[in-house]
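Colleague: Input structure.cif, format and content: mmCIF, C-alpha atoms.
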```
data_structure
#
loop_
_atom_site.label_atom_id
_atom_site.label_comp_id
_atom_site.auth_asym_id
_atom_site.auth_seq_id
_atom_site.Cartn_x
_atom_site.Cartn_y
_atom_site.Cartn_z
CA MET X 1 6.82 30.89 -37.91
CA VAL X 2 4.56 30.76 -34.91
CA CYS X 3 3.78 27.11 -35.56
CA GLU X 4 7.44 26.22 -35.82
CA SER X 5 8.00 27.15 -32.20
CA TRP X 6 4.94 25.13 -31.15
CA LYS X 7 5.99 22.11 -33.18
CA ALA X 8 9.46 22.14 -31.69
CA LYS X 9 7.87 21.54 -28.29
CA LEU X 10 5.03 19.30 -29.40
CA ASP X 11 6.55 16.05 -28.10
CA THR X 12 7.39 17.64 -24.76
CA TYR X 13 3.81 18.88 -24.56
CA LEU X 14 2.37 15.45 -25.34
CA ASP X 15 4.70 13.89 -22.76
CA GLY X 16 3.16 16.24 -20.18
CA GLU X 17 6.51 17.85 -19.47
CA VAL X 18 5.68 21.54 -20.04
CA SER X 19 4.57 24.00 -17.38
CA GLU X 20 0.88 24.49 -16.61
CA ASP X 21 0.88 27.87 -18.36
CA GLU X 22 2.47 26.40 -21.46
CA MET X 23 0.06 23.49 -21.34
CA ARG X 24 -2.91 25.87 -21.41
CA SER X 25 -1.37 27.84 -24.29
CA PHE X 26 -0.72 24.64 -26.21
CA ASP X 27 -4.28 23.42 -25.62
CA ALA X 28 -5.67 26.66 -26.99
CA HIS X 29 -3.34 26.68 -29.99
CA VAL X 30 -3.90 23.06 -30.97
CA ARG X 31 -7.65 23.60 -30.96
CA THR X 32 -7.40 26.39 -33.52
CA CYS X 33 -4.46 25.27 -35.68
CA HIS X 34 -5.23 22.50 -38.14
CA SER X 35 -1.59 21.76 -38.93
CA CYS X 36 -0.54 21.43 -35.28
CA SER X 37 -3.62 19.39 -34.34
CA ALA X 38 -2.97 16.96 -37.22
CA ASP X 39 0.66 16.72 -36.19
CA ALA X 40 -0.32 16.15 -32.55
CA LEU X 41 -2.77 13.43 -33.59
CA THR X 42 -0.08 11.60 -35.55
CA ARG X 43 2.28 11.75 -32.60
CA VAL X 44 -0.37 10.54 -30.17
CA GLN X 45 -1.04 7.60 -32.51
CA MET X 46 2.67 6.90 -32.54
CA LYS X 47 2.85 7.03 -28.73
CA ARG X 48 -0.06 4.61 -28.41
CA SER X 49 1.42 2.26 -30.98
CA ILE X 50 4.78 2.20 -29.22
CA GLN X 51 3.06 1.58 -25.91
CA ALA X 52 1.05 -1.33 -27.31
CA ALA X 53 4.01 -2.80 -29.19
CA GLY X 54 6.38 -2.31 -26.27
CA ARG X 55 4.36 -4.40 -23.83
CA ARG X 56 5.34 -7.57 -25.50
CA TYR X 57 7.13 -9.98 -23.20
CA THR X 58 5.72 -11.81 -20.19
CA ALA X 59 7.84 -13.71 -17.71
CA SER X 60 7.03 -17.35 -17.07
CA ALA X 61 5.34 -18.24 -13.79
CA GLU X 62 8.28 -20.48 -12.98
CA PHE X 63 10.79 -17.64 -13.35
CA ARG X 64 8.62 -15.34 -11.30
CA ARG X 65 8.38 -17.92 -8.52
CA ARG X 66 12.14 -18.45 -8.64
CA MET X 67 12.76 -14.71 -8.26
CA GLN X 68 10.36 -14.49 -5.35
CA GLN X 69 12.19 -17.30 -3.61
CA THR X 70 15.51 -15.57 -4.26
CA ILE X 71 14.50 -12.35 -2.61
CA ALA X 72 11.98 -13.52 -0.01
CA ALA X 73 12.82 -13.82 3.66
CA LYS X 74 16.41 -12.62 3.38
CA PRO X 75 17.90 -11.58 6.71
CA GLN X 76 17.98 -7.80 7.00
CA ARG X 77 20.72 -7.43 9.59
CA ARG X 78 23.74 -9.27 10.84
CA PHE X 79 24.59 -9.37 14.51
CA GLY X 80 28.05 -9.37 16.03
CA LEU X 81 29.19 -12.31 18.16
CA GLY X 82 29.43 -10.33 21.37
CA TRP X 83 28.37 -11.18 24.87
CA THR X 84 24.88 -9.84 24.27
CA PHE X 85 24.44 -12.10 21.31
CA ALA X 86 25.59 -15.15 23.27
CA ALA X 87 23.09 -14.31 25.99
CA ALA X 88 20.37 -13.89 23.38
CA VAL X 89 21.20 -17.29 21.92
CA ALA X 90 20.80 -18.84 25.37
CA VAL X 91 17.40 -17.23 25.80
CA ILE X 92 16.32 -18.31 22.36
CA LEU X 93 17.34 -21.90 23.11
CA VAL X 94 15.18 -21.91 26.20
CA VAL X 95 12.06 -20.49 24.67
CA GLY X 96 12.70 -21.65 21.12
CA THR X 97 11.02 -24.98 21.35
CA LEU X 98 7.89 -23.33 22.71
CA THR X 99 7.63 -20.67 20.05
CA SER X 100 9.18 -22.17 16.95
CA ALA X 101 6.04 -23.93 15.85
CA TYR X 102 4.01 -20.75 16.23
CA LEU X 103 6.60 -18.48 14.58
CA GLY X 104 7.20 -20.95 11.78
CA ALA X 105 3.54 -21.09 11.04
CA ARG X 106 3.23 -17.31 11.17
CA SER X 107 6.20 -16.58 8.89
CA GLY X 108 4.97 -19.27 6.53
CA ARG X 109 1.56 -17.61 6.46
CA ASP X 110 3.12 -14.19 5.84
CA GLN X 111 5.13 -15.61 2.98
CA ILE X 112 2.06 -17.17 1.41
CA PHE X 113 0.22 -13.90 1.84
CA SER X 114 3.12 -12.10 0.10
CA GLU X 115 3.00 -14.50 -2.81
CA ILE X 116 -0.75 -14.13 -3.21
CA ALA X 117 -0.54 -10.32 -2.91
CA ASP X 118 2.25 -10.30 -5.53
CA LEU X 119 0.17 -12.42 -7.90
CA HIS X 120 -2.65 -9.90 -7.46
CA VAL X 121 -0.45 -6.79 -7.99
CA VAL X 122 1.58 -8.17 -10.87
CA THR X 123 -1.57 -9.26 -12.70
CA LEU X 124 -3.24 -5.88 -12.33
CA ALA X 125 -0.05 -4.16 -13.49
CA SER X 126 0.00 -6.35 -16.57
CA SER X 127 -1.16 -4.95 -19.89
CA SER X 128 -3.53 -7.91 -20.26
CA PRO X 129 -4.66 -8.83 -16.75
CA VAL X 130 -7.29 -11.32 -17.89
CA ASP X 131 -7.19 -14.03 -20.55
CA VAL X 132 -10.96 -14.44 -20.70
CA ILE X 133 -12.76 -11.12 -20.62
CA SER X 134 -16.37 -11.49 -19.60
CA THR X 135 -18.81 -10.38 -16.96
CA ASP X 136 -20.76 -13.60 -17.43
CA ARG X 137 -19.86 -16.41 -15.03
CA HIS X 138 -21.31 -18.90 -17.53
CA THR X 139 -18.62 -17.81 -20.00
CA VAL X 140 -15.74 -17.57 -17.57
CA LYS X 141 -16.22 -20.87 -15.76
CA PRO X 142 -16.20 -23.11 -18.89
CA TRP X 143 -13.07 -21.31 -20.12
CA PHE X 144 -11.10 -23.01 -17.33
CA GLN X 145 -12.25 -26.51 -18.32
CA GLY X 146 -9.26 -28.47 -19.60
CA ARG X 147 -6.89 -25.78 -18.37
CA ILE X 148 -6.94 -26.63 -14.68
CA PRO X 149 -7.38 -30.07 -13.07
CA PHE X 150 -10.53 -29.24 -11.05
CA ALA X 151 -13.92 -27.55 -11.32
CA PHE X 152 -15.41 -24.83 -9.16
CA ASN X 153 -18.57 -22.76 -8.88
CA LEU X 154 -18.79 -19.02 -9.36
CA PRO X 155 -21.29 -17.04 -7.31
CA GLU X 156 -24.40 -15.30 -8.57
CA LEU X 157 -23.70 -11.55 -8.39
CA LYS X 158 -27.20 -10.18 -8.94
CA ASN X 159 -28.20 -7.77 -6.18
CA SER X 160 -24.57 -7.47 -5.11
CA GLU X 161 -22.11 -4.63 -5.64
CA PHE X 162 -19.57 -6.90 -7.31
CA SER X 163 -19.01 -7.39 -10.99
CA LEU X 164 -16.87 -10.02 -12.68
CA LEU X 165 -14.19 -8.66 -15.04
CA GLY X 166 -12.69 -11.94 -16.23
CA GLY X 167 -10.25 -14.67 -15.40
CA ARG X 168 -6.85 -16.14 -16.14
CA MET X 169 -4.67 -19.11 -15.32
CA THR X 170 -2.24 -18.71 -12.45
CA TYR X 171 0.38 -20.72 -10.60
CA LEU X 172 1.31 -21.06 -6.94
CA GLU X 173 4.10 -23.43 -5.94
CA GLN X 174 3.99 -24.75 -9.51
CA THR X 175 0.35 -25.65 -9.00
CA PRO X 176 -2.10 -24.40 -11.63
CA GLY X 177 -5.15 -22.54 -10.41
CA ALA X 178 -7.88 -20.12 -11.38
CA HIS X 179 -7.52 -16.37 -10.94
CA LEU X 180 -10.73 -14.33 -11.15
CA ILE X 181 -10.87 -10.56 -11.02
CA TYR X 182 -13.84 -8.68 -9.61
CA ASP X 183 -14.64 -5.01 -9.38
CA VAL X 184 -16.35 -3.23 -6.51
CA ARG X 185 -16.56 0.58 -6.47
CA LYS X 186 -13.45 0.88 -8.68
CA HIS X 187 -11.43 -1.49 -6.48
CA HIS X 188 -10.19 -4.71 -8.00
CA ILE X 189 -10.36 -7.90 -6.00
CA SER X 190 -8.63 -11.12 -6.98
CA VAL X 191 -10.02 -14.54 -6.15
CA PHE X 192 -7.54 -17.41 -6.43
CA ILE X 193 -8.65 -21.05 -6.35
CA PHE X 194 -6.26 -24.00 -6.08
CA GLN X 195 -6.55 -27.69 -5.39
CA GLU X 196 -5.80 -28.04 -1.68
CA ARG X 197 -3.95 -31.35 -1.96
CA SER X 198 -1.55 -29.95 -4.59
CA LEU X 199 -0.32 -27.21 -2.25
CA LYS X 200 2.36 -27.76 0.36
CA PHE X 201 1.24 -25.23 2.93
CA PRO X 202 -2.46 -25.71 3.86
CA ALA X 203 -1.66 -26.96 7.34
CA ARG X 204 0.07 -23.65 8.09
CA LEU X 205 -2.94 -21.62 7.02
CA GLY X 206 -5.72 -23.15 9.02
CA GLU X 207 -9.32 -22.57 8.11
CA ASN X 208 -9.47 -18.80 8.17
CA PHE X 209 -6.51 -16.53 7.80
CA LEU X 210 -6.53 -12.75 7.41
CA ALA X 211 -3.82 -10.50 5.97
CA PRO X 212 -1.00 -9.21 8.23
CA GLN X 213 -1.93 -5.93 9.89
CA LYS X 214 0.64 -3.72 8.14
CA SER X 215 -0.33 -4.90 4.68
CA PRO X 216 -2.02 -2.48 2.28
CA PHE X 217 -4.24 -5.38 1.19
CA ASN X 218 -7.03 -7.28 2.85
CA MET X 219 -7.24 -10.99 2.39
CA GLU X 220 -9.29 -13.99 3.41
CA THR X 221 -8.55 -17.61 2.74
CA TRP X 222 -10.44 -20.79 3.50
CA SER X 223 -10.71 -24.38 2.41
CA GLU X 224 -13.86 -26.05 1.15
CA GLY X 225 -14.58 -29.12 -0.94
CA GLY X 226 -10.90 -29.86 -1.45
CA LEU X 227 -10.25 -26.39 -2.85
CA ARG X 228 -8.27 -23.55 -1.27
CA TYR X 229 -9.70 -20.07 -1.87
CA PHE X 230 -7.92 -16.71 -1.49
CA VAL X 231 -9.73 -13.38 -1.79
CA VAL X 232 -7.35 -10.40 -1.86
CA GLY X 233 -7.46 -6.74 -2.81
CA ASP X 234 -7.17 -3.16 -1.62
CA ALA X 235 -10.93 -2.97 -1.06
CA SER X 236 -12.24 -2.78 2.50
CA ALA X 237 -12.17 -5.83 4.75
CA ALA X 238 -15.98 -5.83 4.62
CA ASP X 239 -15.99 -6.02 0.81
CA ILE X 240 -13.45 -8.84 0.87
CA ASP X 241 -15.56 -10.66 3.43
CA ASN X 242 -18.77 -10.16 1.42
CA LEU X 243 -17.21 -11.57 -1.74
CA ALA X 244 -15.77 -14.48 0.26
CA LYS X 245 -19.27 -15.20 1.63
CA LEU X 246 -20.73 -15.25 -1.89
CA PHE X 247 -18.12 -17.84 -2.88
CA LYS X 248 -18.81 -19.90 0.23
CA VAL X 249 -22.51 -19.97 -0.62
CA ALA X 250 -21.78 -20.96 -4.23
CA SER X 251 -19.33 -23.74 -3.44
CA MET T 1 1.92 2.11 -5.57
CA HIS T 2 3.53 5.52 -6.07
CA VAL T 3 7.23 5.04 -6.21
CA GLY T 4 8.04 8.30 -4.51
CA GLU T 5 6.09 7.39 -1.40
CA ASN T 6 8.04 4.40 -0.20
CA LEU T 7 7.80 3.85 3.52
CA PRO T 8 10.94 2.94 5.44
CA SER T 9 9.21 -0.15 6.80
CA GLU T 10 8.52 -1.61 3.38
CA SER T 11 10.53 -4.71 2.62
CA PHE T 12 12.60 -5.14 -0.47
CA GLU T 13 10.20 -7.76 -1.75
CA GLN T 14 7.20 -5.47 -1.32
CA LEU T 15 8.93 -2.73 -3.27
CA ALA T 16 10.60 -4.84 -5.92
CA MET T 17 8.10 -7.49 -6.98
CA PRO T 18 5.49 -5.09 -8.45
CA HIS T 19 8.14 -4.08 -11.01
CA PHE T 20 9.04 -7.64 -11.92
CA GLU T 21 6.96 -8.07 -15.09
CA ARG T 22 7.94 -4.71 -16.50
CA LEU T 23 11.62 -5.14 -15.72
CA TYR T 24 11.50 -8.47 -17.51
CA ASN T 25 9.77 -6.89 -20.52
CA PHE T 26 12.39 -4.11 -20.57
CA ALA T 27 15.21 -6.64 -20.25
CA CYS T 28 13.81 -8.62 -23.21
CA TRP T 29 13.78 -5.49 -25.32
CA LEU T 30 17.38 -4.73 -24.38
CA THR T 31 18.76 -8.21 -24.93
CA HIS T 32 16.42 -9.69 -27.60
CA ASP T 33 16.81 -12.98 -25.79
CA ARG T 34 14.55 -14.41 -23.09
CA GLN T 35 17.23 -16.42 -21.34
CA GLU T 36 19.56 -13.44 -21.22
CA ALA T 37 16.68 -11.30 -20.01
CA GLU T 38 16.02 -13.74 -17.15
CA ASP T 39 19.71 -13.65 -16.21
CA LEU T 40 19.67 -9.87 -16.35
CA VAL T 41 16.58 -9.55 -14.15
CA GLN T 42 18.00 -12.07 -11.70
CA GLU T 43 21.28 -10.18 -11.52
CA THR T 44 19.36 -6.94 -11.05
CA TYR T 45 17.34 -8.28 -8.13
CA VAL T 46 20.35 -9.81 -6.45
CA LYS T 47 22.35 -6.58 -6.79
CA ALA T 48 19.42 -4.46 -5.69
CA LEU T 49 18.86 -6.67 -2.64
CA LYS T 50 22.52 -6.42 -1.68
CA GLY T 51 22.50 -2.66 -2.16
CA PHE T 52 19.08 -2.11 -0.58
CA LYS T 53 20.66 -0.54 2.49
CA SER T 54 21.96 2.26 0.28
CA PHE T 55 18.49 2.95 -1.11
CA GLN T 56 17.00 5.99 0.58
CA PRO T 57 13.34 5.58 1.53
CA GLY T 58 11.23 8.32 -0.01
CA THR T 59 13.31 8.44 -3.18
CA ASN T 60 12.33 6.84 -6.44
CA PHE T 61 12.64 3.06 -6.16
CA ARG T 62 11.56 2.41 -9.74
CA ALA T 63 14.27 4.66 -11.23
CA TRP T 64 16.77 3.08 -8.81
CA ILE T 65 16.09 -0.51 -9.84
CA TYR T 66 15.92 0.32 -13.55
CA LYS T 67 19.30 1.98 -13.21
CA ILE T 68 20.70 -1.21 -11.68
CA LEU T 69 19.24 -3.29 -14.51
CA ARG T 70 20.58 -0.96 -17.14
CA ASN T 71 24.06 -0.91 -15.60
CA ALA T 72 24.03 -4.69 -15.45
CA PHE T 73 23.05 -4.76 -19.12
CA LEU T 74 25.80 -2.34 -20.10
CA THR T 75 28.43 -4.58 -18.54
CA SER T 76 27.01 -7.77 -20.11
CA ARG T 77 28.45 -9.13 -23.33
CA THR T 78 25.34 -8.20 -25.31
CA GLY T 79 25.27 -4.74 -23.76
CA LEU T 80 28.91 -4.03 -24.50
CA LYS T 81 28.46 -5.17 -28.09
CA ALA T 82 25.26 -3.18 -28.61
CA THR T 83 26.58 0.08 -27.19
CA ALA T 84 30.02 -0.19 -28.81
CA THR T 85 28.54 -0.32 -32.27
CA VAL T 86 26.07 2.55 -32.01
CA GLN T 87 27.31 4.93 -29.37
CA LEU T 88 29.58 7.04 -31.57
CA ASP T 89 26.99 8.73 -33.73
CA LEU T 90 24.20 9.21 -31.23
CA GLU T 91 24.82 12.48 -29.51
CA GLY T 92 26.22 14.24 -32.58
CA GLU T 93 24.45 15.99 -35.37
CA GLU T 94 20.74 15.99 -35.98
CA GLU T 95 19.78 13.33 -38.45
CA ALA T 96 18.42 14.40 -41.79
CA LEU T 97 15.12 12.64 -41.29
CA PRO T 98 11.83 14.13 -42.38
CA ALA T 99 9.80 16.18 -39.93
CA ALA T 100 6.61 14.81 -38.41
CA GLU T 101 4.17 16.32 -40.87
CA GLU T 102 4.21 13.45 -43.34
CA THR T 103 1.28 11.13 -43.09
CA PRO T 104 2.54 7.76 -44.41
CA GLU T 105 3.48 6.55 -40.97
CA SER T 106 0.14 7.59 -39.55
CA ILE T 107 -1.59 5.61 -42.30
CA LEU T 108 0.74 2.73 -41.57
CA LEU T 109 0.05 2.96 -37.85
CA GLN T 110 -3.68 2.86 -38.45
CA ARG T 111 -3.38 -0.18 -40.69
CA SER T 112 -0.65 -2.08 -38.91
CA ASP T 113 -1.21 -4.78 -36.32
CA GLY T 114 1.60 -3.60 -34.07
CA ARG T 115 4.10 -5.99 -35.60
CA LEU T 116 5.57 -3.25 -37.78
CA VAL T 117 6.09 -0.98 -34.82
CA GLN T 118 7.73 -3.85 -32.95
CA GLN T 119 10.07 -4.42 -35.89
CA ALA T 120 10.90 -0.73 -36.11
CA LEU T 121 11.60 -0.67 -32.36
CA GLU T 122 13.80 -3.74 -32.62
CA GLN T 123 15.87 -2.13 -35.33
CA LEU T 124 16.58 1.00 -33.31
CA PRO T 125 19.97 1.34 -31.64
CA VAL T 126 19.67 0.23 -28.04
CA THR T 127 20.28 3.77 -26.74
CA TYR T 128 17.23 5.01 -28.63
CA ARG T 129 15.15 1.94 -27.86
CA GLU T 130 15.64 2.18 -24.11
CA VAL T 131 14.76 5.87 -23.84
CA LEU T 132 11.60 5.38 -25.93
CA LEU T 133 10.50 2.38 -23.90
CA LEU T 134 11.04 4.17 -20.60
CA CYS T 135 9.03 7.15 -21.83
CA GLU T 136 6.20 5.45 -23.72
CA VAL T 137 5.85 2.02 -22.16
CA GLU T 138 6.98 2.69 -18.59
CA GLU T 139 5.51 6.20 -18.74
CA MET T 140 8.41 7.59 -16.75
CA SER T 141 8.83 11.34 -16.41
CA TYR T 142 11.92 12.92 -17.93
CA GLN T 143 13.31 13.22 -14.41
CA GLU T 144 12.87 9.50 -13.76
CA ILE T 145 14.46 8.64 -17.11
CA SER T 146 17.32 10.95 -16.27
CA ALA T 147 17.86 9.07 -13.00
CA ALA T 148 17.46 5.61 -14.54
CA LEU T 149 19.86 6.24 -17.42
CA ALA T 150 22.18 8.53 -15.43
CA ILE T 151 22.07 11.25 -18.08
CA PRO T 152 21.09 14.94 -17.79
CA MET T 153 17.50 16.03 -18.50
CA GLY T 154 18.61 17.87 -21.64
CA THR T 155 20.12 14.68 -23.01
CA VAL T 156 16.90 12.81 -22.23
CA MET T 157 14.96 15.31 -24.32
CA SER T 158 17.37 15.37 -27.26
CA ARG T 159 17.76 11.60 -27.25
CA LEU T 160 14.01 11.10 -27.16
CA SER T 161 13.60 13.48 -30.06
CA ARG T 162 16.19 11.60 -32.12
CA ALA T 163 14.75 8.25 -31.15
CA ARG T 164 11.29 9.30 -32.33
CA LYS T 165 12.68 10.57 -35.60
CA ALA T 166 14.60 7.36 -36.10
CA LEU T 167 11.47 5.31 -35.41
CA ARG T 168 9.44 7.38 -37.84
CA GLY T 169 12.21 6.92 -40.38
CA GLY T 170 12.08 3.15 -39.85
CA LEU T 171 8.31 3.09 -40.29
CA GLN T 172 8.47 5.23 -43.40
CA GLN T 173 11.02 2.85 -44.85
CA GLN T 174 8.72 -0.09 -44.16
CA PHE T 175 5.87 1.84 -45.71
CA ALA T 176 7.91 2.53 -48.85
CA GLU T 177 8.87 -1.15 -49.07
CA ARG T 178 5.22 -2.16 -48.86
CA VAL T 179 4.14 0.31 -51.52
CA ASN T 180 6.89 -0.72 -53.97
#
```
What do you get writing this file as structure tokens?
Modeller:
Amino acid sequence: MVCESWKAKLDTYLDGEVSEDEMRSFDAHVRTCHSCSADALTRVQMKRSIQAAGRRYTASAEFRRRMQQTIAAKPQRRFGLGWTFAAAVAVILVVGTLTSAYLGARSGRDQIFSEIADLHVVTLASSSPVDVISTDRHTVKPWFQGRIPFAFNLPELKNSEFSLLGGRMTYLEQTPGAHLIYDVRKHHISVFIFQERSLKFPARLGENFLAPQKSPFNMETWSEGGLRYFVVGDASAADIDNLAKLFKVAS
Amino acid sequence: MHVGENLPSESFEQLAMPHFERLYNFACWLTHDRQEAEDLVQETYVKALKGFKSFQPGTNFRAWIYKILRNAFLTSRTGLKATATVQLDLEGEEEALPAAEETPESILLQRSDGRLVQQALEQLPVTYREVLLLCEVEEMSYQEISAALAIPMGTVMSRLSRARKALRGGLQQQFAERVN
């Protein structure tokens, strides 16, 4: 009879939805009751199987890009056509020509940063963030041959704090590129490499561009040997910079 | 990102895009059709963007956007068809399915390559499938599921319980078919 009351709540317990006191009581009971522990094991297996089977579908890069374009840079507010607005329009006309080039470049850079940061976040949130899993650069680099239309060098990581986790194909503006994931003190850093001439925006980026100040991510980007590199992650700016330097030495 | 810690200054894109892949996966499971899933996700994002002003910073963005997706699904042709055919018997009596002590499904789970579980999930009524996916795949709390599906917590718990039994029943059936 005692077990019946436990079993009735077993799923709730395994979902982590019972109180702390109940959780402790359950823990103690499951350790000593063979029937309940076997039942709990079966249910945990079931939960894991559903989780694995349920992560099944991946959106195409094209659809993802389309969605980003749909929701990016939408105006947040609408202004009335009052006197103040008319005056503001006049002011904008006067100074517009002076600032439009600068603002255009900046908003373009912010948008590119957003897209790169999204690629980073969405990949890490994926159930299979890397297609080639290896800590060996001599395994990861050849994997990209035939998959992307360019070659690149990966840095030697001996005596550094970084470790390579693996790589995958990625797309930016419908351009294929390499996405490498590194680990440093439990932070993941993404390195994206694209062919510079295939991208539409390099002129807006300049040689060195850092992430916008309010962003939770740090980023560096530069161009070298016809390739455009992005290094992005929630690691410190110093870590991002150190990994970027290793790539610059290798390329 | 913790969904309950949204800052007022965060843009819609910053909040919404991290959920993109999972919303698409969820939409595929609901519709069983990739094109329909794309349409559903697109509709969700457009509606969410339009209604973003009504979203209160500090509340649960993930539950909010899943609720929009689910409502969009319910009003789609596939959604109307799916719910019309299964809704009647869901919240009624307990099903006469075996309790969890049997081991065939655990043996099956150990041996299977995940395809059998996928098939069993596909065969579940959509109301069971969605609650299981939100709990096991999205790892939502009961409270989040309650907000996403707009049902009381008690219903979340009873529906989950029935969904699990139904899934076990489906797996046991597959097991019996394999043995015979």
Colleague: Starting from chain T, keep only residues with some atom at most 8 Å from an atom of chain X, counting all atoms listed in the file, and report them as a ChimeraX atom specification.
Modeller: /T:12-14,17-21,24-25,28,38,42,45-46,49,100-101,103,106,109,114-115,117-118,133,136-137,141-142,157,161
Colleague: Just the residues within 9 Å of Lys67 of chain T, please, counting all atoms listed in the file, with nothing from its chain fewer than 2 positions along; format it as a PyMOL selection string.
Modeller: chain T and resi 62-65+69-72+147-150
Colleague: What is the atom CA of Glu36 of chain T to atom CA of Leu74 of chain T distance in Å?
Modeller: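 Between atom CA of Glu36 of chain T and atom CA of Leu74 of chain T the gap works out to 12.8 Å.
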Colleague: Which residues match the PyMOL selection byres ((chain X and resi 237) around 10) in the file above, as a list in words?
Modeller: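 Checked against the file, the PyMOL selection byres ((chain X and resi 237) around 10) matches Leu210, Ala211, Phe217, Asn218, Met219, Glu220, Val232, Gly233, Asp234, Ala235, Ser236, Ala238, Asp239, Ile240, Asp241 and Asn242 of chain X.
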Colleague: Compare X:Ser190, X:Ser223, X:Asn153, X:Ser25 by their minimum atom-to-atom distance to Ala250 of chain X, counting only C-alpha atoms, and give me the closest one.
Modeller: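 Closest to Ala250 of chain X, using only C-alpha atoms: X:Asn153.
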Colleague: Would you write out, as a PDB file with C-alpha atoms, in the coordinates of the input, every residue that the PyMOL selection byres ((chain T and resi 123) around 12) captures in this file?
Modeller:
```pdb
ATOM      1  CA  TRP T  29      13.780  -5.490 -25.320  1.00  0.00           C
ATOM      2  CA  LEU T  30      17.380  -4.730 -24.380  1.00  0.00           C
ATOM      3  CA  HIS T  32      16.420  -9.690 -27.600  1.00  0.00           C
ATOM      4  CA  ALA T  82      25.260  -3.180 -28.610  1.00  0.00           C
ATOM      5  CA  VAL T  86      26.070   2.550 -32.010  1.00  0.00           C
ATOM      6  CA  LEU T 116       5.570  -3.250 -37.780  1.00  0.00           C
ATOM      7  CA  VAL T 117       6.090  -0.980 -34.820  1.00  0.00           C
ATOM      8  CA  GLN T 118       7.730  -3.850 -32.950  1.00  0.00           C
ATOM      9  CA  GLN T 119      10.070  -4.420 -35.890  1.00  0.00           C
ATOM     10  CA  ALA T 120      10.900  -0.730 -36.110  1.00  0.00           C
ATOM     11  CA  LEU T 121      11.600  -0.670 -32.360  1.00  0.00           C
ATOM     12  CA  GLU T 122      13.800  -3.740 -32.620  1.00  0.00           C
ATOM     13  CA  LEU T 124      16.580   1.000 -33.310  1.00  0.00           C
ATOM     14  CA  PRO T 125      19.970   1.340 -31.640  1.00  0.00           C
ATOM     15  CA  VAL T 126      19.670   0.230 -28.040  1.00  0.00           C
ATOM     16  CA  THR T 127      20.280   3.770 -26.740  1.00  0.00           C
ATOM     17  CA  TYR T 128      17.230   5.010 -28.630  1.00  0.00           C
ATOM     18  CA  ARG T 129      15.150   1.940 -27.860  1.00  0.00           C
ATOM     19  CA  ALA T 163      14.750   8.250 -31.150  1.00  0.00           C
ATOM     20  CA  ALA T 166      14.600   7.360 -36.100  1.00  0.00           C
ATOM     21  CA  LEU T 167      11.470   5.310 -35.410  1.00  0.00           C
ATOM     22  CA  ARG T 168       9.440   7.380 -37.840  1.00  0.00           C
ATOM     23  CA  GLY T 169      12.210   6.920 -40.380  1.00  0.00           C
ATOM     24  CA  GLY T 170      12.080   3.150 -39.850  1.00  0.00           C
ATOM     25  CA  LEU T 171       8.310   3.090 -40.290  1.00  0.00           C
ATOM     26  CA  GLN T 173      11.020   2.850 -44.850  1.00  0.00           C
ATOM     27  CA  GLN T 174       8.720  -0.090 -44.160  1.00  0.00           C
TER      28      GLN T 174
END
```
Colleague: Grab the atom CA of Glu4 of chain X to atom CA of Asp21 of chain X distance for me, in Å with one decimal place.
Modeller: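 These atoms are spaced 18.7 Å apart.
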Colleague: Pick from X:Ala61, X:Ile133, X:Val191, X:Ala244: nearest to Thr175 of chain X, with only C-alpha atoms counted?
Modeller: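 The answer is X:Ala61, which sits nearest to Thr175 of chain X.
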Colleague: For the structure shown, which residues end up in the PyMOL selection byres ((chain X and resi 183) around 10)? Put them as a PyMOL selection string, please?
Modeller: chain X and resi 161-166+181-182+184-190+233+235
Colleague: Quick one: pull the distance between atom CA of Arg137 of chain X and atom CA of Ile112 of chain X, Å, one decimal.
Modeller: 27.4 Å
